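Asks: Sending over entry_13.tsv (TSV, C-alpha atoms).
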```tsv
chain	number	residue	atom	x	y	z
A	760	MET	CA	0.00	0.00	0.00
A	761	SER	CA	1.44	3.37	-1.00
A	762	ARG	CA	1.65	6.31	1.36
A	763	ARG	CA	-1.24	8.01	-0.42
A	764	GLU	CA	-3.41	4.90	-0.12
A	765	SER	CA	-2.57	4.64	3.57
A	766	LEU	CA	-3.55	8.25	4.14
A	767	GLU	CA	-6.77	7.83	2.18
A	768	SER	CA	-7.63	4.76	4.20
A	769	LEU	CA	-6.93	6.63	7.44
A	770	GLU	CA	-8.98	9.60	6.24
A	771	SER	CA	-11.93	7.34	5.47
A	772	LEU	CA	-11.64	5.61	8.86
A	773	LEU	CA	-11.51	8.88	10.81
A	774	GLU	CA	-14.39	10.43	8.86
A	775	SER	CA	-16.46	7.32	9.39
A	776	PHE	CA	-15.74	7.42	13.15
A	777	LEU	CA	-16.72	11.08	13.44
A	778	GLU	CA	-19.86	10.56	11.36
A	779	ARG	CA	-20.94	7.77	13.68
A	780	VAL	CA	-20.23	9.89	16.75
A	781	VAL	CA	-22.41	12.65	15.28
A	782	GLN	CA	-25.14	10.10	14.48
A	783	LEU	CA	-25.06	8.80	18.05
A	784	LYS	CA	-25.22	12.34	19.39
A	785	GLU	CA	-27.87	13.49	16.93
A	786	GLN	CA	-30.60	14.01	19.51
A	787	ARG	CA	-28.25	15.51	22.09
A	788	LEU	CA	-26.76	17.74	19.43
A	789	SER	CA	-30.22	19.00	18.53
A	790	VAL	CA	-30.82	19.89	22.20
A	791	LEU	CA	-27.47	21.65	22.53
A	792	GLU	CA	-28.10	23.52	19.30
A	793	GLY	CA	-31.51	24.65	20.56
A	794	ILE	CA	-30.14	25.81	23.92
A	795	ASN	CA	-27.29	27.57	22.18
A	796	ARG	CA	-29.75	29.36	19.91
A	797	LEU	CA	-31.85	30.45	22.87
A	798	ASP	CA	-28.67	31.65	24.55
A	799	ASP	CA	-27.79	33.71	21.46
A	800	ILE	CA	-31.25	35.30	21.59
A	801	ALA	CA	-30.72	36.08	25.29
A	802	ARG	CA	-27.46	37.82	24.49
A	803	GLN	CA	-29.19	39.93	21.83
A	804	SER	CA	-31.89	40.76	24.35
A	805	SER	CA	-29.24	41.87	26.86
A	806	ALA	CA	-27.89	44.20	24.18
A	807	GLY	CA	-31.29	45.90	24.02
A	808	VAL	CA	-32.63	44.20	20.88
A	809	ASP	CA	-36.37	43.39	20.86
A	810	VAL	CA	-36.34	39.59	20.62
A	811	THR	CA	-40.04	38.90	21.19
A	812	ASP	CA	-40.54	37.40	17.72
A	813	ARG	CA	-37.36	35.36	17.94
A	814	VAL	CA	-38.32	33.90	21.30
A	815	GLY	CA	-41.74	33.10	19.84
A	816	ASP	CA	-40.09	31.30	16.92
A	817	TRP	CA	-37.88	29.42	19.35
A	818	PHE	CA	-40.90	28.20	21.30
A	819	ALA	CA	-42.63	27.16	18.09
A	820	GLY	CA	-39.62	25.13	17.06
A	821	HIS	CA	-38.91	23.54	20.44
A	822	ASN	CA	-42.21	23.00	22.23
A	823	ARG	CA	-42.07	19.30	21.39
A	824	TRP	CA	-39.22	19.05	23.90
A	825	LEU	CA	-41.78	19.37	26.66
A	826	THR	CA	-43.32	16.04	25.72
A	827	ASP	CA	-40.70	13.93	23.95
A	828	ASN	CA	-38.34	13.41	26.92
A	829	SER	CA	-35.30	14.65	25.03
A	830	LEU	CA	-34.30	17.06	27.79
A	831	ARG	CA	-32.23	16.29	30.84
A	832	THR	CA	-33.00	17.97	34.14
A	833	ALA	CA	-29.93	20.19	33.73
A	834	ASP	CA	-31.16	21.22	30.26
A	835	ILE	CA	-34.56	22.26	31.61
A	836	GLU	CA	-32.92	24.19	34.43
A	837	ARG	CA	-30.65	25.94	31.96
A	838	ILE	CA	-33.51	26.77	29.58
A	839	ASN	CA	-35.64	28.07	32.44
A	840	SER	CA	-32.75	30.17	33.69
A	841	ILE	CA	-32.43	31.80	30.25
A	842	LEU	CA	-36.21	32.18	29.90
A	843	SER	CA	-36.47	33.85	33.30
A	844	GLN	CA	-34.16	36.56	31.98
A	845	PHE	CA	-36.61	37.19	29.14
A	846	LYS	CA	-39.50	37.22	31.58
A	847	ASP	CA	-37.81	39.93	33.63
A	848	ARG	CA	-37.60	42.12	30.55
A	849	LEU	CA	-41.17	41.59	29.36
A	850	ARG	CA	-43.62	44.36	30.17
A	851	PRO	CA	-46.23	42.91	32.50
A	852	GLY	CA	-49.85	43.98	32.67
A	853	PRO	CA	-52.13	45.99	30.36
A	854	GLY	CA	-49.30	47.71	28.47
A	855	SER	CA	-47.95	44.47	27.07
A	856	SER	CA	-48.54	43.29	23.51
A	857	PRO	CA	-50.40	40.01	22.72
A	858	ALA	CA	-47.10	38.50	21.60
A	859	GLU	CA	-45.48	39.39	24.92
A	860	ASP	CA	-48.45	37.95	26.82
A	861	LYS	CA	-48.16	34.73	24.85
A	862	ILE	CA	-44.45	34.45	25.54
A	863	HIS	CA	-45.08	35.19	29.19
A	864	LYS	CA	-47.48	32.22	29.32
A	865	GLU	CA	-45.05	29.97	27.45
A	866	ILE	CA	-42.27	30.83	29.88
A	867	ASP	CA	-44.57	29.94	32.78
A	868	ARG	CA	-45.42	26.65	31.07
A	869	TRP	CA	-41.76	25.76	30.69
A	870	GLY	CA	-41.15	26.77	34.30
A	871	GLN	CA	-43.85	24.35	35.44
A	872	THR	CA	-42.18	21.57	33.48
A	873	GLY	CA	-38.95	22.28	35.30
A	874	GLN	CA	-40.74	22.04	38.64
A	875	LYS	CA	-42.36	18.74	37.65
A	876	VAL	CA	-39.00	17.28	36.72
A	877	SER	CA	-37.30	18.49	39.85
A	878	GLN	CA	-40.09	17.00	41.95
A	879	THR	CA	-39.97	13.57	40.32
A	880	LEU	CA	-36.31	13.03	39.57
A	881	VAL	CA	-34.76	13.44	43.01
A	882	LEU	CA	-32.63	10.38	43.66
A	883	LYS	CA	-31.40	9.85	47.18
A	884	ARG	CA	-28.85	7.42	48.42
A	885	GLY	CA	-29.49	5.57	51.64
A	886	PRO	CA	-27.00	6.04	54.48
A	887	GLU	CA	-26.25	2.30	54.59
A	888	ALA	CA	-24.54	2.63	51.21
A	889	ARG	CA	-21.92	5.00	52.62
A	890	GLY	CA	-18.67	3.42	53.64
A	891	PRO	CA	-14.91	3.45	53.35
A	892	VAL	CA	-15.07	2.98	49.55
A	893	ASP	CA	-16.54	6.46	49.12
A	894	THR	CA	-13.89	7.69	46.68
A	895	ALA	CA	-14.26	4.64	44.42
A	896	ASP	CA	-18.02	5.13	44.45
A	897	LYS	CA	-17.79	8.59	42.95
A	898	ASP	CA	-17.50	7.43	39.34
A	899	THR	CA	-20.99	5.98	39.20
A	900	ILE	CA	-21.01	5.88	35.40
A	901	ALA	CA	-17.86	3.75	35.31
A	902	LEU	CA	-19.27	1.49	38.04
A	903	PHE	CA	-22.51	1.01	36.12
A	904	ASP	CA	-20.56	0.41	32.92
A	905	ARG	CA	-18.59	-2.37	34.65
A	906	LYS	CA	-21.79	-3.82	36.06
A	907	LEU	CA	-23.32	-3.84	32.59
A	908	THR	CA	-20.32	-5.68	31.18
A	909	ARG	CA	-20.56	-8.26	33.95
A	910	LEU	CA	-24.31	-8.65	33.41
A	911	THR	CA	-23.73	-9.26	29.71
A	912	ALA	CA	-21.32	-12.07	30.58
A	913	VAL	CA	-23.84	-13.54	33.06
A	914	PHE	CA	-26.55	-13.33	30.40
A	915	LYS	CA	-24.42	-15.15	27.84
A	916	ASP	CA	-23.69	-17.91	30.34
A	917	ALA	CA	-27.39	-18.20	31.20
A	918	CYS	CA	-28.35	-18.39	27.51
A	919	HIS	CA	-26.13	-21.38	26.87
A	920	GLY	CA	-28.24	-24.28	25.57
A	921	LYS	CA	-31.55	-22.38	25.90
A	922	GLN	CA	-34.10	-21.92	23.15
A	923	HIS	CA	-36.18	-19.08	24.59
A	924	ILE	CA	-35.70	-15.97	26.71
A	925	LEU	CA	-38.28	-17.29	29.20
A	926	SER	CA	-35.99	-20.22	29.96
A	927	VAL	CA	-33.16	-17.76	30.52
A	928	ALA	CA	-35.35	-15.74	32.89
A	929	GLU	CA	-36.21	-18.93	34.81
A	930	ASP	CA	-32.55	-19.84	35.11
A	931	LEU	CA	-31.58	-16.36	36.29
A	932	LEU	CA	-34.35	-16.28	38.89
A	933	ARG	CA	-33.24	-19.67	40.18
A	934	ALA	CA	-29.63	-18.41	40.48
A	935	ALA	CA	-30.88	-15.27	42.24
A	936	LYS	CA	-32.97	-17.27	44.71
A	937	VAL	CA	-30.85	-20.34	45.37
A	938	GLN	CA	-27.33	-18.96	44.98
A	939	GLY	CA	-28.11	-15.42	46.14
A	940	ASN	CA	-26.53	-14.14	42.94
A	941	LYS	CA	-27.10	-10.35	42.85
A	942	ASP	CA	-26.14	-10.01	39.20
A	943	ALA	CA	-28.73	-12.67	38.32
A	944	LEU	CA	-31.32	-10.75	40.34
A	945	ILE	CA	-30.69	-7.47	38.50
A	946	LEU	CA	-30.53	-9.21	35.14
A	947	SER	CA	-33.74	-11.14	35.73
A	948	ALA	CA	-35.52	-7.87	36.60
A	949	PHE	CA	-34.20	-6.41	33.37
A	950	VAL	CA	-35.38	-9.44	31.36
A	951	ILE	CA	-38.81	-9.37	33.04
A	952	TYR	CA	-39.24	-5.71	32.19
A	953	TYR	CA	-38.20	-6.45	28.62
A	954	LEU	CA	-40.76	-9.28	28.45
A	955	LYS	CA	-43.45	-7.00	29.87
A	956	GLN	CA	-42.70	-4.38	27.23
A	957	ASN	CA	-43.11	-7.09	24.60
A	958	GLY	CA	-46.54	-8.21	25.80
A	959	TYR	CA	-45.61	-11.31	27.81
A	960	LYS	CA	-47.50	-12.24	30.92
A	961	VAL	CA	-44.88	-11.66	33.59
A	962	GLU	CA	-46.77	-11.96	36.90
A	963	PRO	CA	-45.33	-15.41	37.80
A	964	TYR	CA	-41.82	-14.12	37.10
A	965	VAL	CA	-42.41	-10.95	39.11
A	966	LYS	CA	-43.52	-13.14	42.02
A	967	LYS	CA	-40.34	-15.21	41.78
A	968	LEU	CA	-38.28	-12.02	41.52
A	969	ARG	CA	-39.83	-10.69	44.73
A	970	GLU	CA	-39.14	-13.98	46.50
A	971	ALA	CA	-35.51	-13.91	45.38
A	972	GLU	CA	-35.22	-10.27	46.40
A	973	THR	CA	-36.65	-11.01	49.85
A	974	ILE	CA	-34.27	-13.93	50.35
A	975	GLN	CA	-31.28	-11.86	49.26
A	976	GLY	CA	-32.37	-8.96	51.46
A	977	ARG	CA	-32.60	-11.28	54.45
A	978	GLY	CA	-29.14	-12.57	53.66
A	979	THR	CA	-27.73	-9.03	53.60
A	980	LEU	CA	-29.27	-8.12	56.91
A	981	ASP	CA	-27.98	-11.33	58.48
A	982	ALA	CA	-24.44	-10.80	57.23
B	187	MET	CA	-26.23	31.85	29.86
B	188	LEU	CA	-23.89	29.33	28.31
B	189	SER	CA	-20.19	29.85	28.94
B	190	GLY	CA	-17.82	30.50	26.04
B	191	PRO	CA	-16.34	26.99	26.09
B	192	GLU	CA	-19.82	25.42	26.16
B	193	LYS	CA	-20.83	27.43	23.12
B	194	ALA	CA	-17.56	26.46	21.43
B	195	TYR	CA	-18.11	22.74	22.13
B	196	CYS	CA	-21.60	23.00	20.70
B	197	ALA	CA	-20.28	24.84	17.63
B	198	ALA	CA	-17.58	22.18	17.21
B	199	LEU	CA	-20.15	19.36	17.20
B	200	LEU	CA	-22.27	21.24	14.68
B	201	ALA	CA	-19.19	21.78	12.51
B	202	LEU	CA	-18.52	18.02	12.68
B	203	LYS	CA	-22.08	17.38	11.57
B	204	GLN	CA	-21.53	19.69	8.61
B	205	LYS	CA	-18.16	17.97	7.95
B	206	ASN	CA	-16.40	21.27	8.38
B	207	TYR	CA	-13.46	19.68	10.18
B	208	GLY	CA	-11.16	22.71	10.16
B	209	ALA	CA	-13.76	24.83	11.92
B	210	ALA	CA	-14.48	21.97	14.32
B	211	VAL	CA	-10.81	21.87	15.38
B	212	GLU	CA	-10.81	25.63	15.96
B	213	HIS	CA	-13.92	25.43	18.13
B	214	PHE	CA	-12.64	22.37	20.02
B	215	GLU	CA	-9.31	24.08	20.68
B	216	SER	CA	-10.99	27.19	22.05
B	217	ALA	CA	-12.91	24.99	24.50
B	218	ALA	CA	-10.03	22.62	25.30
B	219	HIS	CA	-8.95	24.31	28.52
B	220	HIS	CA	-12.43	24.04	30.01
B	221	TYR	CA	-12.85	20.37	29.04
B	222	ARG	CA	-9.36	19.22	30.06
B	223	GLY	CA	-9.70	15.72	31.49
B	224	ASN	CA	-12.96	15.00	29.65
B	225	ARG	CA	-12.11	11.81	27.75
B	226	GLU	CA	-14.83	12.11	25.16
B	227	PHE	CA	-13.86	15.68	24.40
B	228	GLY	CA	-10.20	14.64	24.12
B	229	ILE	CA	-10.96	11.82	21.70
B	230	LEU	CA	-13.07	14.06	19.50
B	231	LEU	CA	-10.47	16.83	19.49
B	232	GLU	CA	-7.55	14.52	18.66
B	233	THR	CA	-9.48	12.56	16.04
B	234	THR	CA	-10.56	15.74	14.29
B	235	ARG	CA	-7.02	17.17	14.50
B	236	LEU	CA	-5.64	13.98	12.98
B	237	LEU	CA	-8.24	14.02	10.22
B	238	VAL	CA	-7.41	17.63	9.34
B	239	ALA	CA	-3.70	16.77	9.28
B	240	VAL	CA	-4.37	13.78	7.01
B	241	LYS	CA	-6.46	15.92	4.68
B	242	GLU	CA	-3.67	18.50	4.54
B	243	GLN	CA	-1.19	15.80	3.61
B	244	LEU	CA	-3.47	14.43	0.92
B	245	ALA	CA	-3.97	17.92	-0.53
B	246	ARG	CA	-0.23	18.22	-1.15
B	247	PRO	CA	1.29	16.78	-4.31
B	248	MET	CA	2.95	13.46	-3.52
B	249	ASN	CA	5.77	12.96	-5.93
B	250	HIS	CA	7.89	11.20	-3.38
B	251	GLU	CA	6.98	8.15	-1.41
B	252	ARG	CA	9.71	8.99	1.08
B	253	LEU	CA	10.30	12.19	2.97
B	254	ASP	CA	13.95	13.08	3.55
B	255	ILE	CA	14.75	15.54	6.30
B	256	GLU	CA	18.11	17.19	6.06
B	257	GLU	CA	19.63	19.07	8.97
B	258	VAL	CA	21.67	22.13	8.08
B	259	PHE	CA	24.27	23.53	10.49
B	260	PRO	CA	25.32	27.05	9.57
B	261	ASN	CA	29.07	27.60	9.97
B	262	GLY	CA	29.36	23.99	11.00
```
Give the structure from this file in structure tokens form.
Replies:
Amino acid sequence: MSRRESLESLESLLESFLERVVQLKEQRLSVLEGINRLDDIARQSSAGVDVTDRVGDWFAGHNRWLTDNSLRTADIERINSILSQFKDRLRPGPGSSPAEDKIHKEIDRWGQTGQKVSQTLVLKRGPEARGPVDTADKDTIALFDRKLTRLTAVFKDACHGKQHILSVAEDLLRAAKVQGNKDALILSAFVIYYLKQNGYKVEPYVKKLREAETIQGRGTLDA
Amino acid sequence: MLSGPEKAYCAALLALKQKNYGAAVEHFESAAHHYRGNREFGILLETTRLLVAVKEQLARPMNHERLDIEEVFPNG
């Protein structure tokens, strides 16, 4: 392979990698782009430019975000923080234009969404989870990533020789109950939820899951 | 409001989407200080830098398969 061919091959590989990254981040990118655009409008507003129409256009283009779950809590907080700046500059009361009134209402609607999210997405960690491994626990994403890798391995082992996912679920539940295998417990819950989403009747499996969970919980308390 | 580096990161990703790799590198570099230690950011920056470098090499005429570098010592 000549030097030129090597470079062309490398170019193709790198472009392909970056294209796939962009594809994976498509939805996130759209959110960032939207927030960035709103931020640009806010900067224009700070400079004294009347941005009422632009904010209206922004709402028209991004209202679907309120229902399609594409926003993270931090995104909503950020958007609401920017929108509150607009709200401060809008003329309240009888002197305001219909467009300003409409934007005022939209800002309130977005603010309510932020409150809903902050009320429902508060995750708390129980004190029993605190311990000497506090520093290692900080990288929760890495820990979950490792757990996921381990669960994949457990799943592959459980699949060996099986013909159907229900048999795998049975096997995992047995391992969770009899062996006290925590990975099997988590994985079986995952499989049961998957089955439920696909229209299977999962009540008997849920019952077995609860039994295994109770047995494992008892074991933890005893230890 | 978004900080300068955040806006730059966003602009860099948009530039990648538009396959404007030179602009993407410029935006990434202006945000690099803020995202130091962010592995994903680092990978994207270095990959885009490498791609731009490769493209620059390919844009040059390649008459020689080998590059000779000669050191010159004045008065030596």
Asks: My list of candidates is A:Gln844, A:Ser829, A:Gln956, A:Ser947. Which is closest to chain B when distances are computed with only C-alpha atoms?
Replies: A:Gln844
Asks: Considering all atoms listed in the file, tabulate each residue of chain B that lies at most 8 Å from chain A along with its nearest interatomic pair and the corresponding distance in Å to one decimal; arrange the rows by chain and ascending residue number and present them as JSON lines.
Replies:
```
{"residue": "B:Met187", "atom": "CA", "partner": "A:Asp798", "partner_atom": "CA", "distance": 5.8}
{"residue": "B:Leu188", "atom": "CA", "partner": "A:Asp798", "partner_atom": "CA", "distance": 6.5}
{"residue": "B:Lys193", "atom": "CA", "partner": "A:Asn795", "partner_atom": "CA", "distance": 6.5}
{"residue": "B:Cys196", "atom": "CA", "partner": "A:Leu791", "partner_atom": "CA", "distance": 6.3}
{"residue": "B:Leu199", "atom": "CA", "partner": "A:Leu788", "partner_atom": "CA", "distance": 7.2}
{"residue": "B:Leu200", "atom": "CA", "partner": "A:Leu788", "partner_atom": "CA", "distance": 7.4}
{"residue": "B:Leu202", "atom": "CA", "partner": "A:Val781", "partner_atom": "CA", "distance": 7.1}
{"residue": "B:Lys203", "atom": "CA", "partner": "A:Val781", "partner_atom": "CA", "distance": 6.0}
{"residue": "B:Leu230", "atom": "CA", "partner": "A:Leu777", "partner_atom": "CA", "distance": 7.7}
{"residue": "B:Thr233", "atom": "CA", "partner": "A:Leu773", "partner_atom": "CA", "distance": 6.7}
{"residue": "B:Thr234", "atom": "CA", "partner": "A:Leu773", "partner_atom": "CA", "distance": 7.8}
{"residue": "B:Leu237", "atom": "CA", "partner": "A:Glu770", "partner_atom": "CA", "distance": 6.0}
{"residue": "B:Val240", "atom": "CA", "partner": "A:Glu770", "partner_atom": "CA", "distance": 6.3}
{"residue": "B:Lys241", "atom": "CA", "partner": "A:Glu770", "partner_atom": "CA", "distance": 7.0}
{"residue": "B:Gln243", "atom": "CA", "partner": "A:Leu766", "partner_atom": "CA", "distance": 7.9}
{"residue": "B:Leu244", "atom": "CA", "partner": "A:Arg763", "partner_atom": "CA", "distance": 6.9}
{"residue": "B:Met248", "atom": "CA", "partner": "A:Arg763", "partner_atom": "CA", "distance": 7.5}
{"residue": "B:Glu251", "atom": "CA", "partner": "A:Arg762", "partner_atom": "CA", "distance": 6.3}
```
Asks: Between B:Ala201, B:Val211, B:Val258, B:Ala245, single out the one closest to Gly228 of chain B, counting all atoms listed in the file.
Replies: B:Val211
Asks: How many Å separate atom CA of Trp817 of chain A from atom CA of Ala194 of chain B?
Replies: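 Pair atom CA of Trp817 of chain A / atom CA of Ala194 of chain B returns 20.6 Å.
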Asks: For Tyr195 of chain B, please output as a PDB file with C-alpha atoms, in the coordinates of the input all residues within 8 Å (counting all atoms listed in the file; exclusion window: fewer than 2 positions along the same chain).
Replies:
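Saved as result-v2.pdb:
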```
ATOM      1  CA  PRO B 191     -16.340  26.990  26.090  1.00  0.00           C
ATOM      2  CA  GLU B 192     -19.820  25.420  26.160  1.00  0.00           C
ATOM      3  CA  LYS B 193     -20.830  27.430  23.120  1.00  0.00           C
ATOM      4  CA  ALA B 197     -20.280  24.840  17.630  1.00  0.00           C
ATOM      5  CA  ALA B 198     -17.580  22.180  17.210  1.00  0.00           C
ATOM      6  CA  LEU B 199     -20.150  19.360  17.200  1.00  0.00           C
ATOM      7  CA  HIS B 213     -13.920  25.430  18.130  1.00  0.00           C
ATOM      8  CA  PHE B 214     -12.640  22.370  20.020  1.00  0.00           C
ATOM      9  CA  ALA B 217     -12.910  24.990  24.500  1.00  0.00           C
TER      10      ALA B 217
END
```
Asks: Atom CA of Asn940 of chain A and atom CA of Lys960 of chain A are how many Å apart?
Replies: 24.2 Å
Asks: Point out the residue among B:Lys205, B:Phe259, B:Glu242, B:Gly190 with the least atom-to-atom distance to His219 of chain B, counting all atoms listed in the file.
Replies: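 Of B:Lys205, B:Phe259, B:Glu242, B:Gly190, the one nearest His219 of chain B is B:Gly190, counting all atoms listed in the file.
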Asks: Tell me, in Å to one decimal, how far atom CA of Arg813 of chain A is from atom CA of Ser855 of chain A.
Replies: 16.7 Å
Asks: Return the single residue from B:Arg225, B:Arg235, B:Arg246, B:His220 that is closest to Asn206 of chain B, with distances computed using only C-alpha atoms.
Replies: B:Arg235
